[in-house]
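Data from upload.txt: compact mmCIF, C-alpha atoms
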# COMPACT_ATOMS: atom_id res chain seq x y z
CA MET H 1 135.84 95.57 69.21
CA LYS H 2 134.29 98.98 69.75
CA GLU H 3 134.90 100.43 73.21
CA VAL H 4 132.40 102.65 75.03
CA ASP H 5 133.97 104.55 77.90
CA ALA H 6 131.00 105.51 80.06
CA ARG H 7 132.96 105.97 83.28
CA GLY H 8 131.72 108.85 85.38
CA LEU H 9 128.60 109.42 83.28
CA GLY H 10 125.17 109.65 84.88
CA CYS H 11 121.94 107.78 84.12
CA PRO H 12 121.01 106.89 81.42
CA GLU H 13 124.06 107.90 79.37
CA PRO H 14 125.90 104.54 79.62
CA ILE H 15 122.84 102.80 78.16
CA LEU H 16 122.40 105.40 75.40
CA LEU H 17 126.06 105.07 74.37
CA THR H 18 125.89 101.26 74.54
CA ALA H 19 122.72 101.23 72.43
CA LYS H 20 124.37 103.47 69.85
CA ALA H 21 127.43 101.22 69.65
CA LEU H 22 125.32 98.06 69.34
CA LYS H 23 123.58 99.51 66.29
CA THR H 24 126.74 99.05 64.24
CA GLU H 25 128.73 96.42 66.19
CA ASN H 26 128.02 92.89 67.34
CA GLN H 27 130.64 92.98 70.09
CA VAL H 28 131.05 96.00 72.34
CA LYS H 29 133.32 96.65 75.32
CA VAL H 30 131.75 99.00 77.87
CA LEU H 31 133.59 100.65 80.76
CA VAL H 32 131.54 101.89 83.74
CA ASP H 33 132.59 102.72 87.29
CA GLU H 34 129.42 102.37 89.36
CA VAL H 35 127.71 99.10 90.30
CA HIS H 36 124.25 100.37 89.33
CA GLN H 37 125.55 101.49 85.93
CA ARG H 38 127.05 98.03 85.35
CA MET H 39 123.72 96.41 86.25
CA ASN H 40 121.81 98.84 84.01
CA VAL H 41 124.01 98.02 81.03
CA GLU H 42 123.80 94.26 81.74
CA LYS H 43 120.01 94.48 81.90
CA TYR H 44 119.84 96.48 78.68
CA ALA H 45 122.10 94.02 76.85
CA LYS H 46 120.03 91.08 78.11
CA ASP H 47 116.84 92.78 76.86
CA GLN H 48 118.54 93.05 73.44
CA GLY H 49 119.23 89.30 73.47
CA LYS H 50 122.95 89.76 74.10
CA LYS H 51 125.28 87.99 76.51
CA THR H 52 127.43 89.98 78.90
CA SER H 53 130.41 89.22 81.07
CA PHE H 54 132.36 91.62 83.21
CA THR H 55 135.66 91.88 84.99
CA GLU H 56 136.42 94.26 87.82
CA LYS H 57 139.40 96.45 87.06
CA ASN H 58 141.11 99.05 89.19
CA GLY H 59 138.11 101.19 90.18
CA TYR H 60 135.87 100.34 87.25
CA PHE H 61 134.11 97.49 85.45
CA GLU H 62 134.84 96.23 81.95
CA LEU H 63 131.81 94.63 80.32
CA ILE H 64 131.96 92.58 77.15
CA ILE H 65 128.66 92.45 75.28
CA GLU H 66 128.31 89.90 72.46
CA MET M 1 122.08 90.75 96.33
CA ASN M 2 120.65 91.99 93.08
CA PHE M 3 117.46 93.93 93.81
CA MET M 4 116.98 94.98 90.22
CA ASN M 5 116.37 91.60 88.67
CA SER M 6 112.66 91.31 89.16
CA LYS M 7 109.66 93.57 88.79
CA GLY M 8 108.02 91.70 91.68
CA LYS M 9 110.86 92.58 94.04
CA LEU M 10 110.74 96.23 93.02
CA LEU M 11 106.96 96.22 93.50
CA GLY M 12 107.50 94.79 97.00
CA LEU M 13 110.23 97.28 97.90
CA GLY M 14 108.05 100.15 96.64
CA ALA M 15 105.22 98.77 98.78
CA ILE M 16 107.48 98.78 101.88
CA CYS M 17 108.29 102.44 101.17
CA GLY M 18 104.53 103.02 100.91
CA VAL M 19 104.05 101.41 104.34
CA ILE M 20 106.77 103.71 105.78
CA ALA M 21 105.07 106.78 104.28
CA ALA M 22 101.65 105.63 105.53
CA ALA M 23 103.04 104.99 109.03
CA LEU M 24 104.62 108.44 109.18
CA ALA M 25 101.32 110.03 108.09
CA TYR M 26 99.48 107.99 110.73
CA PHE M 27 101.90 109.10 113.46
CA GLY M 28 101.66 112.79 112.72
CA ASN M 29 103.18 113.94 109.42
CA PRO M 30 100.91 116.33 107.45
CA ALA M 31 98.12 114.77 105.39
CA ASN M 32 99.34 113.72 101.94
CA MET M 33 102.76 115.13 102.76
CA ALA M 34 103.75 111.94 104.53
CA PHE M 35 107.10 111.85 102.79
CA CYS M 36 107.75 114.79 100.45
CA ILE M 37 111.36 115.48 99.56
CA ALA M 38 110.79 119.07 98.40
CA CYS M 39 108.60 119.95 101.39
CA PHE M 40 111.02 118.37 103.85
CA ILE M 41 114.08 120.11 102.38
CA ARG M 42 112.06 123.34 102.50
CA ASP M 43 111.17 122.70 106.16
CA THR M 44 114.83 121.98 106.95
CA ALA M 45 115.87 125.23 105.24
CA GLY M 46 113.35 126.98 107.49
CA ALA M 47 114.73 125.27 110.61
CA LEU M 48 118.19 126.55 109.68
CA GLY M 49 116.80 130.07 109.32
CA LEU M 50 117.42 130.25 105.58
CA HIS M 51 113.85 131.49 105.16
CA GLN M 52 111.40 133.03 107.62
CA ALA M 53 108.13 131.30 106.71
CA GLU M 54 107.17 130.37 110.28
CA VAL M 55 104.74 127.59 109.35
CA VAL M 56 107.34 125.51 107.48
CA GLN M 57 110.34 125.29 109.80
CA TYR M 58 111.37 121.86 111.07
CA ALA M 59 114.54 119.85 110.55
CA ARG M 60 112.85 116.77 109.09
CA PRO M 61 114.60 113.63 110.35
CA GLU M 62 113.27 111.77 107.29
CA THR M 63 115.50 113.76 104.91
CA ILE M 64 118.49 113.26 107.19
CA GLY M 65 117.67 109.56 107.45
CA LEU M 66 117.46 109.20 103.66
CA VAL M 67 120.98 110.52 103.18
CA ILE M 68 122.50 108.58 106.08
CA GLY M 69 120.53 105.41 105.24
CA ALA M 70 121.88 105.50 101.69
CA PHE M 71 125.38 106.22 103.02
CA LEU M 72 125.35 103.30 105.48
CA ILE M 73 124.01 100.71 103.04
CA ALA M 74 126.40 101.90 100.34
CA ILE M 75 129.30 101.45 102.78
CA GLY M 76 127.94 98.02 103.79
CA THR M 77 127.59 96.82 100.21
CA LYS M 78 130.83 98.43 98.99
CA GLU M 79 128.93 100.74 96.63
CA TYR M 80 130.10 103.90 98.36
CA LYS M 81 132.24 105.90 95.99
CA SER M 82 133.39 109.46 96.46
CA THR M 83 132.94 111.25 93.13
CA GLY M 84 132.52 114.76 91.80
CA GLY M 85 133.29 117.17 89.00
CA SER M 86 130.34 116.70 86.64
CA SER M 87 129.26 120.33 86.05
CA PRO M 88 128.63 121.06 89.76
CA MET M 89 127.40 124.65 89.37
CA THR M 90 125.04 123.69 86.54
CA ARG M 91 123.65 121.01 88.86
CA PHE M 92 123.28 123.63 91.61
CA VAL M 93 121.15 125.75 89.27
CA LEU M 94 119.13 122.71 88.17
CA GLY M 95 118.53 121.94 91.87
CA ILE M 96 117.17 125.46 92.37
CA CYS M 97 114.91 125.12 89.29
CA MET M 98 113.65 121.73 90.49
CA MET M 99 112.67 123.24 93.84
CA VAL M 100 110.97 126.27 92.26
CA GLY M 101 108.90 123.94 90.06
CA ALA M 102 108.07 121.69 93.02
CA LEU M 103 106.92 124.59 95.21
CA ILE M 104 104.80 126.06 92.41
CA PHE M 105 103.02 122.68 92.23
CA LEU M 106 103.38 122.11 96.00
CA GLY M 107 105.25 118.83 96.10
CA CYS M 108 108.01 116.69 94.64
CA PRO M 109 107.26 113.67 92.40
CA LEU M 110 106.95 111.48 95.52
CA ARG M 111 104.30 113.79 96.97
CA MET M 112 102.60 113.90 93.57
CA ILE M 113 102.19 110.11 93.79
CA LEU M 114 100.96 110.39 97.41
CA ARG M 115 98.44 113.07 96.40
CA MET M 116 97.32 110.97 93.42
CA SER M 117 96.73 108.05 95.78
CA ALA M 118 94.53 110.30 97.95
CA GLY M 119 92.27 111.23 95.02
CA ASP M 120 93.68 114.74 94.51
CA LEU M 121 92.91 115.35 90.83
CA ASN M 122 95.37 118.29 90.76
CA ALA M 123 98.19 115.78 91.14
CA TRP M 124 96.84 113.76 88.18
CA VAL M 125 96.82 116.98 86.14
CA ALA M 126 100.40 117.70 87.27
CA LEU M 127 101.42 114.20 86.14
CA ILE M 128 100.80 115.38 82.56
CA GLY M 129 103.39 118.13 83.06
CA PHE M 130 105.83 115.76 84.77
CA VAL M 131 105.64 113.31 81.84
CA LEU M 132 106.00 116.14 79.29
CA GLY M 133 109.05 117.44 81.18
CA ILE M 134 110.60 113.97 81.12
CA VAL M 135 109.85 113.58 77.41
CA THR M 136 111.55 116.95 76.77
CA GLY M 137 114.59 115.82 78.78
CA VAL M 138 114.73 112.51 76.90
CA PHE M 139 114.66 114.44 73.60
CA PHE M 140 117.80 116.34 74.64
CA LEU M 141 119.47 113.18 76.01
CA LYS M 142 118.99 111.56 72.61
CA LYS M 143 120.48 114.66 70.99
CA GLY M 144 123.63 114.19 73.05
CA PHE M 145 122.97 116.18 76.24
CA THR M 146 125.47 115.49 79.00
CA LEU M 147 126.73 117.19 82.15
CA GLY M 148 130.08 115.48 81.64
CA ARG M 149 132.02 112.90 83.61
CA ALA M 150 132.35 112.66 87.37
CA TYR M 151 135.75 111.63 88.71
CA GLU M 152 136.82 109.83 91.85
CA THR M 153 137.70 112.25 94.63
CA GLN M 154 139.22 111.94 98.12
CA LYS M 155 137.19 109.32 100.02
CA MET M 156 136.19 111.77 102.74
CA SER M 157 134.62 114.23 100.29
CA GLY M 158 131.66 111.98 99.47
CA SER M 159 130.73 111.59 103.14
CA VAL M 160 130.62 115.30 103.99
CA ILE M 161 126.90 115.68 103.28
CA SER M 162 126.09 112.68 105.52
CA ILE M 163 128.18 114.21 108.32
CA LEU M 164 126.44 117.58 107.86
CA ALA M 165 123.06 115.82 107.94
CA LEU M 166 124.09 114.11 111.20
CA GLY M 167 125.14 117.50 112.57
CA ILE M 168 121.70 118.96 111.81
CA LEU M 169 120.06 115.97 113.51
CA ILE M 170 122.20 116.48 116.64
CA LEU M 171 121.40 120.20 116.73
CA ALA M 172 117.69 119.49 116.26
CA THR M 173 117.60 116.80 118.96
CA PHE M 174 119.87 118.19 121.68
CA THR M 175 119.76 121.99 121.30
CA SER M 176 117.16 124.71 120.76
CA LEU M 177 119.24 126.48 118.10
CA LEU M 178 117.03 125.44 115.18
CA LYS M 179 113.65 126.97 114.43
CA VAL M 180 110.55 124.82 114.98
CA SER M 181 107.10 125.76 113.65
CA GLN M 182 104.40 126.18 116.31
CA ALA M 183 101.60 126.05 113.73
CA GLY M 184 101.05 124.90 110.15
CA PRO M 185 102.61 121.95 108.28
CA GLY M 186 106.00 122.39 109.99
CA SER M 187 104.40 121.74 113.38
CA MET M 188 102.90 118.46 112.22
CA HIS M 189 105.31 115.59 112.45
CA ALA M 190 105.75 112.03 113.63
CA PRO M 191 108.01 111.46 116.69
CA ILE M 192 111.68 112.13 115.82
CA ILE M 193 112.79 108.54 116.34
CA LEU M 194 110.05 107.16 114.04
CA SER M 195 110.82 109.77 111.37
CA LEU M 196 114.51 108.94 111.57
CA ILE M 197 113.96 105.18 111.37
CA GLY M 198 111.52 105.70 108.50
CA GLY M 199 114.05 107.85 106.67
CA LEU M 200 116.91 105.39 107.23
CA LEU M 201 114.84 102.45 105.95
CA PHE M 202 113.44 104.40 103.01
CA GLY M 203 116.96 105.59 102.14
CA ALA M 204 118.43 102.10 102.29
CA ILE M 205 115.62 100.64 100.16
CA ALA M 206 115.78 103.49 97.66
CA GLN M 207 119.54 103.00 97.35
CA LYS M 208 119.27 99.26 96.72
CA SER M 209 116.24 99.46 94.44
CA ARG M 210 117.49 102.59 92.54
CA MET M 211 114.01 104.06 93.12
CA CYS M 212 113.57 107.16 90.99
CA PHE M 213 110.30 108.81 90.04
CA ALA M 214 111.71 110.57 86.99
CA GLY M 215 113.81 107.54 86.00
CA SER M 216 110.77 105.25 86.14
CA ILE M 217 108.91 107.25 83.49
CA ARG M 218 112.10 108.07 81.55
CA ASP M 219 112.88 104.35 81.19
CA VAL M 220 109.33 103.63 80.01
CA VAL M 221 109.45 106.47 77.44
CA MET M 222 113.01 105.86 76.26
CA LEU M 223 113.65 102.13 76.70
CA LYS M 224 110.15 100.64 77.12
CA ASN M 225 111.53 99.33 80.41
CA PHE M 226 109.00 99.14 83.26
CA ASP M 227 111.34 97.94 86.06
CA LEU M 228 111.63 101.21 88.00
CA PHE M 229 107.97 101.95 87.32
CA PHE M 230 106.99 98.90 89.40
CA GLY M 231 108.68 100.37 92.48
CA VAL M 232 106.55 103.51 92.15
CA LEU M 233 103.45 101.39 91.50
CA GLY M 234 104.03 99.43 94.74
CA LEU M 235 104.21 102.66 96.73
CA PHE M 236 101.09 104.03 95.04
CA ILE M 237 99.04 100.88 95.73
CA VAL M 238 99.91 100.82 99.44
CA MET M 239 99.13 104.52 99.88
CA LEU M 240 95.85 104.11 97.95
CA ILE M 241 94.80 101.30 100.31
CA TYR M 242 95.87 103.39 103.35
CA ASN M 243 93.92 106.43 102.19
CA VAL M 244 90.76 104.43 101.41
CA VAL M 245 90.88 102.49 104.71
CA MET M 246 91.60 105.63 106.78
CA GLY M 247 88.87 107.65 105.05
CA LYS M 248 91.41 110.05 103.57
CA PHE M 249 90.53 109.32 99.93
CA THR M 250 88.66 112.30 98.47
CA ILE M 251 88.33 112.66 94.72
CA GLY M 252 88.25 116.27 93.59
CA PHE M 253 89.88 119.61 92.98
CA ASP M 254 90.07 122.39 95.56
CA THR M 255 89.95 120.01 98.51
CA PRO M 256 90.71 122.05 101.64
CA GLY M 257 93.43 120.93 104.01
CA ILE M 258 95.67 118.93 101.71
CA ILE M 259 98.00 121.80 100.75
CA ALA M 260 97.29 121.89 97.02
CA HIS M 261 95.83 124.35 94.53
CA SER M 262 93.78 123.94 91.36
CA ASP M 263 95.61 126.24 88.97
CA HIS M 264 95.85 123.58 86.26
CA LEU M 265 98.29 125.35 83.94
CA TRP M 266 100.76 125.96 86.76
CA ASN M 267 100.35 122.49 88.24
CA ILE M 268 101.37 121.24 84.79
CA LEU M 269 104.20 123.76 84.32
CA GLY M 270 105.51 123.28 87.88
CA MET M 271 105.91 119.55 87.42
CA TYR M 272 107.14 120.09 83.83
CA ILE M 273 110.08 121.97 85.35
CA VAL M 274 110.68 119.19 87.88
CA GLY M 275 110.51 116.41 85.26
CA PHE M 276 112.73 118.23 82.76
CA ALA M 277 115.33 119.19 85.41
CA ALA M 278 115.28 115.69 86.90
CA VAL M 279 116.09 114.04 83.56
CA LEU M 280 118.93 116.51 82.92
CA LEU M 281 120.24 115.73 86.42
CA GLY M 282 119.88 111.97 85.98
CA GLY M 283 117.38 111.58 88.82
CA CYS M 284 114.47 113.02 90.81
CA PRO M 285 114.84 114.87 94.15
CA LEU M 286 114.73 111.57 96.08
CA ARG M 287 117.41 110.03 93.85
CA GLN M 288 119.62 113.10 94.32
CA LEU M 289 119.52 112.63 98.10
CA ILE M 290 120.36 108.94 97.73
CA LEU M 291 123.23 109.52 95.28
CA ALA M 292 124.54 112.25 97.60
CA GLY M 293 124.50 109.74 100.46
CA GLN M 294 126.43 107.14 98.48
CA GLY M 295 129.23 109.58 97.77
CA SER M 296 128.33 111.83 94.82
CA SER M 297 129.38 115.41 95.55
CA ASP M 298 127.58 116.40 92.33
CA SER M 299 124.28 115.20 93.79
CA ALA M 300 125.19 116.81 97.13
CA ILE M 301 125.59 120.14 95.29
CA THR M 302 122.18 119.51 93.70
CA VAL M 303 120.69 118.97 97.16
CA LEU M 304 122.26 122.27 98.29
CA GLY M 305 120.68 123.85 95.19
CA MET M 306 117.31 122.51 96.31
CA LEU M 307 117.92 123.79 99.86
CA ILE M 308 118.81 127.29 98.65
CA GLY M 309 116.02 127.09 96.05
CA SER M 310 113.46 126.48 98.79
CA ALA M 311 114.76 129.51 100.71
CA ILE M 312 114.53 131.62 97.53
CA CYS M 313 110.94 130.41 97.04
CA HIS M 314 109.84 131.62 100.48
CA ASN M 315 112.03 134.73 100.68
CA PHE M 316 110.72 136.03 97.34
CA GLY M 317 107.14 134.78 97.49
CA LEU M 318 107.44 132.14 94.75
CA ALA M 319 105.76 129.26 96.59
CA SER M 320 102.07 128.69 95.93
CA SER M 321 99.39 128.62 98.62
CA GLY M 322 97.13 125.66 99.27
CA THR M 323 93.33 125.61 99.29
CA ALA M 324 92.15 126.02 102.87
CA LEU M 325 88.99 126.36 104.94
CA ASN M 326 88.48 129.69 106.67
CA PRO M 327 87.89 128.57 110.29
CA GLU M 328 85.57 131.51 111.05
CA THR M 329 83.39 131.64 107.95
CA GLN M 330 83.82 127.97 106.93
CA GLU M 331 84.36 129.22 103.39
CA VAL M 332 86.78 127.46 101.07
CA VAL M 333 89.66 129.80 100.21
CA LYS M 334 91.22 128.66 96.96
CA GLY M 335 94.97 128.17 96.82
CA ALA M 336 96.86 130.12 94.19
CA VAL M 337 100.14 130.50 92.33
CA THR M 338 101.79 133.86 93.03
CA ALA M 339 102.74 136.36 90.28
CA ASN M 340 106.37 136.07 91.41
CA GLY M 341 106.08 132.30 91.21
CA LYS M 342 104.83 132.49 87.62
CA VAL M 343 107.72 134.76 86.57
CA ALA M 344 110.20 132.46 88.33
CA GLY M 345 108.61 129.43 86.66
CA ILE M 346 109.04 130.97 83.20
CA ILE M 347 112.66 131.90 84.01
CA CYS M 348 113.30 128.31 85.14
CA ILE M 349 111.90 126.89 81.88
CA VAL M 350 114.13 129.24 79.86
CA VAL M 351 117.15 128.28 82.01
CA LEU M 352 116.42 124.55 81.51
CA PHE M 353 116.32 124.96 77.73
CA VAL M 354 119.55 126.97 77.76
CA ILE M 355 121.27 124.27 79.83
CA ALA M 356 119.81 121.51 77.63
CA PHE M 357 121.00 123.20 74.41
CA THR M 358 124.46 124.15 75.61
CA ASN M 359 125.74 120.95 77.27
CA LYS M 360 126.49 118.48 74.48
CA ARG M 361 128.72 115.45 74.21
CA LYS M 362 131.76 116.28 72.11
CA GLU M 363 131.85 113.00 70.21
CA VAL M 364 128.21 113.30 69.04
Same coordinates, now as structure tokens:
Amino acid sequence: MKEVDARGLGCPEPILLTAKALKTENQVKVLVDEVHQRMNVEKYAKDQGKKTSFTEKNGYFELIIE
Amino acid sequence: MNFMNSKGKLLGLGAICGVIAAALAYFGNPANMAFCIACFIRDTAGALGLHQAEVVQYARPETIGLVIGAFLIAIGTKEYKSTGGSSPMTRFVLGICMMVGALIFLGCPLRMILRMSAGDLNAWVALIGFVLGIVTGVFFLKKGFTLGRAYETQKMSGSVISILALGILILATFTSLLKVSQAGPGSMHAPIILSLIGGLLFGAIAQKSRMCFAGSIRDVVMLKNFDLFFGVLGLFIVMLIYNVVMGKFTIGFDTPGIIAHSDHLWNILGMYIVGFAAVLLGGCPLRQLILAGQGSSDSAITVLGMLIGSAICHNFGLASSGTALNPETQEVVKGAVTANGKVAGIICIVVLFVIAFTNKRKEV
């Protein structure tokens, strides 16, 4: 599964990187470290017809988009 | 609670912010400057003596409230995070550029919306520049523009700007150390307590709703996503109703008394600079204050850039003048962009392109 490490990046970079990864992959793991970035990525994935789940790690979120 | 999951909620939250802005205008803030981030940072810079323009010196409690409101709600909802290290000095320069652009136009994106809602056609013209600036920024984002990662810092670091804001509020309230305008826009303000409450509420709502004037258009252009746009729409609708009901809605150019000018090219270019810089920064002037409040030292540096930028604008004659009525002759004196302002505007555009071209993601 392709991993997008978007921790510490500002708006809208996490979405841009996620979108790029989803062009070639069906399943993508995205790492973000701000709540609003997590919600932005979740919303984007939902708009693309994808399902997301996330787990809170030590200081960041790990989202699985499939 | 997730405030981002419905356009209706964002419309409502934007409308509440509109009510706050309308109330502050009703209780004494300057007409159509009810809640302008650029103007209020400029006024605060004047209060601190960073510039000597006597008509725009007042430590605006709204700005202080925005930062502290965002800080408090971020603490309460566990979203506070002390971060920094994402090209801070580049952000400082972008903050200066954003302020130069705003003071050429005479307002931040929030004031542009307020002026649009009052029928000021100059603001509608400036919207063209703002959108073009955002489109330019989006172009570079798609080409891999980045200011790099921010990293977690010592917890205290992210709260410094909120503590400094509180310090300014204390000085303004309990001492006579700060400068206060006796005439002009700086002398027009709502009572301190109302301004502070308005700022705190606006800050808390903006933090939860992620309100961003540049982001709203950026998301429409780039993602065809209208969520953030609805927050801005809510604010616009409430202010439009307020202006119509209060008889403050006047369609036209060169309307005296609203602190605006009708130099179309420079209204466009001024807001082009603001839109372009805001996209490179990841948020408009309001959003920078909110992110600073919730712990981003990078946004705090941007706010300092805006503060210094406003002082530069008034110390070097870059800020435009607004159309006014000569009280003796009753003649309309047209507002204008200064020669220095035009040179500074061109320099800012060049600087923005240099920054946009030279900060690229390595993996792209």
Any idea what's packed within 8 Å of segment 1-13 of chain H, counting all atoms listed in the file, ignoring anything in its chain fewer than 3 positions away? Could you give it as a PyMOL selection string? (chain H and resi 16-18+21+25+27-34+37+60) or (chain M and resi 141+146+148-151+281-283)
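Straight-line separation from atom CA of Ala277 of chain M to atom CA of Leu94 of chain M: 5.9 Å.
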Per residue of chain M within 10 Å of chain H, what are the shortest atom pair and its distance in Å to one decimal, counting only C-alpha atoms, with rows by chain and residue number, as JSON lines?
{"residue": "M:Asn2", "atom": "CA", "partner": "H:Met39", "partner_atom": "CA", "distance": 8.7}
{"residue": "M:Met4", "atom": "CA", "partner": "H:Met39", "partner_atom": "CA", "distance": 8.0}
{"residue": "M:Asn5", "atom": "CA", "partner": "H:Lys43", "partner_atom": "CA", "distance": 8.2}
{"residue": "M:Lys78", "atom": "CA", "partner": "H:Val35", "partner_atom": "CA", "distance": 9.3}
{"residue": "M:Glu79", "atom": "CA", "partner": "H:Val35", "partner_atom": "CA", "distance": 6.7}
{"residue": "M:Tyr80", "atom": "CA", "partner": "H:Glu34", "partner_atom": "CA", "distance": 9.2}
{"residue": "M:Lys81", "atom": "CA", "partner": "H:Glu34", "partner_atom": "CA", "distance": 8.0}
{"residue": "M:Thr83", "atom": "CA", "partner": "H:Gly8", "partner_atom": "CA", "distance": 8.2}
{"residue": "M:Gly84", "atom": "CA", "partner": "H:Gly8", "partner_atom": "CA", "distance": 8.8}
{"residue": "M:Gly85", "atom": "CA", "partner": "H:Gly8", "partner_atom": "CA", "distance": 9.2}
{"residue": "M:Ser86", "atom": "CA", "partner": "H:Gly8", "partner_atom": "CA", "distance": 8.1}
{"residue": "M:Val138", "atom": "CA", "partner": "H:Pro12", "partner_atom": "CA", "distance": 9.6}
{"residue": "M:Leu141", "atom": "CA", "partner": "H:Glu13", "partner_atom": "CA", "distance": 7.8}
{"residue": "M:Lys142", "atom": "CA", "partner": "H:Leu16", "partner_atom": "CA", "distance": 7.6}
{"residue": "M:Gly144", "atom": "CA", "partner": "H:Glu13", "partner_atom": "CA", "distance": 8.9}
{"residue": "M:Phe145", "atom": "CA", "partner": "H:Glu13", "partner_atom": "CA", "distance": 8.9}
{"residue": "M:Thr146", "atom": "CA", "partner": "H:Glu13", "partner_atom": "CA", "distance": 7.7}
{"residue": "M:Leu147", "atom": "CA", "partner": "H:Leu9", "partner_atom": "CA", "distance": 8.1}
{"residue": "M:Gly148", "atom": "CA", "partner": "H:Leu9", "partner_atom": "CA", "distance": 6.5}
{"residue": "M:Arg149", "atom": "CA", "partner": "H:Gly8", "partner_atom": "CA", "distance": 4.4}
{"residue": "M:Ala150", "atom": "CA", "partner": "H:Gly8", "partner_atom": "CA", "distance": 4.3}
{"residue": "M:Tyr151", "atom": "CA", "partner": "H:Gly8", "partner_atom": "CA", "distance": 5.9}
{"residue": "M:Glu152", "atom": "CA", "partner": "H:Gly8", "partner_atom": "CA", "distance": 8.3}
{"residue": "M:Gln207", "atom": "CA", "partner": "H:His36", "partner_atom": "CA", "distance": 9.7}
{"residue": "M:Lys208", "atom": "CA", "partner": "H:His36", "partner_atom": "CA", "distance": 9.0}
{"residue": "M:Ser209", "atom": "CA", "partner": "H:His36", "partner_atom": "CA", "distance": 9.5}
{"residue": "M:Arg210", "atom": "CA", "partner": "H:His36", "partner_atom": "CA", "distance": 7.8}
{"residue": "M:Gly215", "atom": "CA", "partner": "H:Cys11", "partner_atom": "CA", "distance": 8.3}
{"residue": "M:Arg218", "atom": "CA", "partner": "H:Pro12", "partner_atom": "CA", "distance": 9.0}
{"residue": "M:Asp219", "atom": "CA", "partner": "H:Pro12", "partner_atom": "CA", "distance": 8.5}
{"residue": "M:Met222", "atom": "CA", "partner": "H:Leu16", "partner_atom": "CA", "distance": 9.4}
{"residue": "M:Leu223", "atom": "CA", "partner": "H:Tyr44", "partner_atom": "CA", "distance": 8.6}
{"residue": "M:Asn225", "atom": "CA", "partner": "H:Tyr44", "partner_atom": "CA", "distance": 9.0}
{"residue": "M:Val279", "atom": "CA", "partner": "H:Cys11", "partner_atom": "CA", "distance": 8.6}
{"residue": "M:Leu280", "atom": "CA", "partner": "H:Cys11", "partner_atom": "CA", "distance": 9.3}
{"residue": "M:Leu281", "atom": "CA", "partner": "H:Gly10", "partner_atom": "CA", "distance": 8.0}
{"residue": "M:Gly282", "atom": "CA", "partner": "H:Cys11", "partner_atom": "CA", "distance": 5.0}
{"residue": "M:Gly283", "atom": "CA", "partner": "H:Cys11", "partner_atom": "CA", "distance": 7.6}
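The coordinates place atom CA of Gly95 of chain M at 10.9 Å from atom CA of Leu352 of chain M.
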Separation of atom CA of Ile308 of chain M from atom CA of Ile161 of chain M in Å: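 Value for the atom CA of Ile161 of chain M-atom CA of Ile308 of chain M distance: 14.9 Å.
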Identify, on the basis of all atoms listed in the file, every residue whose closest approach to Cys313 of chain M does not exceed 8 Å; exclude the query and any residue fewer than 4 positions from it along the same chain; express the result as a VMD selection string. chain M and resid 100 103 309 317 to 319 341
Within 8 Å of (97.6, 108.2, 96.0) (coordinates as in the file), grab all the protein and nucleic acid residues, counting only C-alpha atoms, and write them out as a list in words.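 I get Met112, Ile113, Leu114, Arg115, Met116, Ser117, Ala118, Gly119, Asp120, Phe236, Ile237, Met239, Leu240 and Asn243 of chain M for the residues within 8 Å of that point.
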Identify which of the residues H:Ala45, H:Arg38, H:Thr55, H:Phe61 lies closest to Leu22 of chain H, counting only C-alpha atoms when measuring atom-to-atom distances. H:Ala45
Option closest in space to Phe105 of chain M, from M:Pro191, M:Gly270, M:Gly49, M:Gly231 [counting all atoms listed in the file]: M:Gly270
Measuring atom to atom with only C-alpha atoms, identify which of M:Gly14, M:Ala45, M:Gly322, M:Ala53 is nearest to Phe253 of chain M.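 Closest candidate: M:Gly322.
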In file coordinates, which residues lie within 12 Å of (126.8, 116.7, 107.3) using all atoms listed in the file, given as a list in words?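 Residues lying no farther than 12 Å from the given point: Thr63, Ile64, Gly65, Val67, Ile68, Phe71, Met156, Ser157, Gly158, Ser159, Val160, Ile161, Ser162, Ile163, Leu164, Ala165, Leu166, Gly167, Ile168, Leu169, Ile170, Leu171, Ala292, Gly293, Ala300 and Leu304 of chain M.
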Serialized selection, C-alpha atoms, as a short mmCIF file (atom, residue, chain, number, x, y, z; two decimals), in the coordinates of the input:
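As written to disk, out02.cif reads:
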data_model
loop_
_atom_site.label_atom_id
_atom_site.label_comp_id
_atom_site.auth_asym_id
_atom_site.auth_seq_id
_atom_site.Cartn_x
_atom_site.Cartn_y
_atom_site.Cartn_z
CA THR M 63 115.50 113.76 104.91
CA ILE M 64 118.49 113.26 107.19
CA GLY M 65 117.67 109.56 107.45
CA VAL M 67 120.98 110.52 103.18
CA ILE M 68 122.50 108.58 106.08
CA PHE M 71 125.38 106.22 103.02
CA MET M 156 136.19 111.77 102.74
CA SER M 157 134.62 114.23 100.29
CA GLY M 158 131.66 111.98 99.47
CA SER M 159 130.73 111.59 103.14
CA VAL M 160 130.62 115.30 103.99
CA ILE M 161 126.90 115.68 103.28
CA SER M 162 126.09 112.68 105.52
CA ILE M 163 128.18 114.21 108.32
CA LEU M 164 126.44 117.58 107.86
CA ALA M 165 123.06 115.82 107.94
CA LEU M 166 124.09 114.11 111.20
CA GLY M 167 125.14 117.50 112.57
CA ILE M 168 121.70 118.96 111.81
CA LEU M 169 120.06 115.97 113.51
CA ILE M 170 122.20 116.48 116.64
CA LEU M 171 121.40 120.20 116.73
CA ALA M 292 124.54 112.25 97.60
CA GLY M 293 124.50 109.74 100.46
CA ALA M 300 125.19 116.81 97.13
CA LEU M 304 122.26 122.27 98.29
#
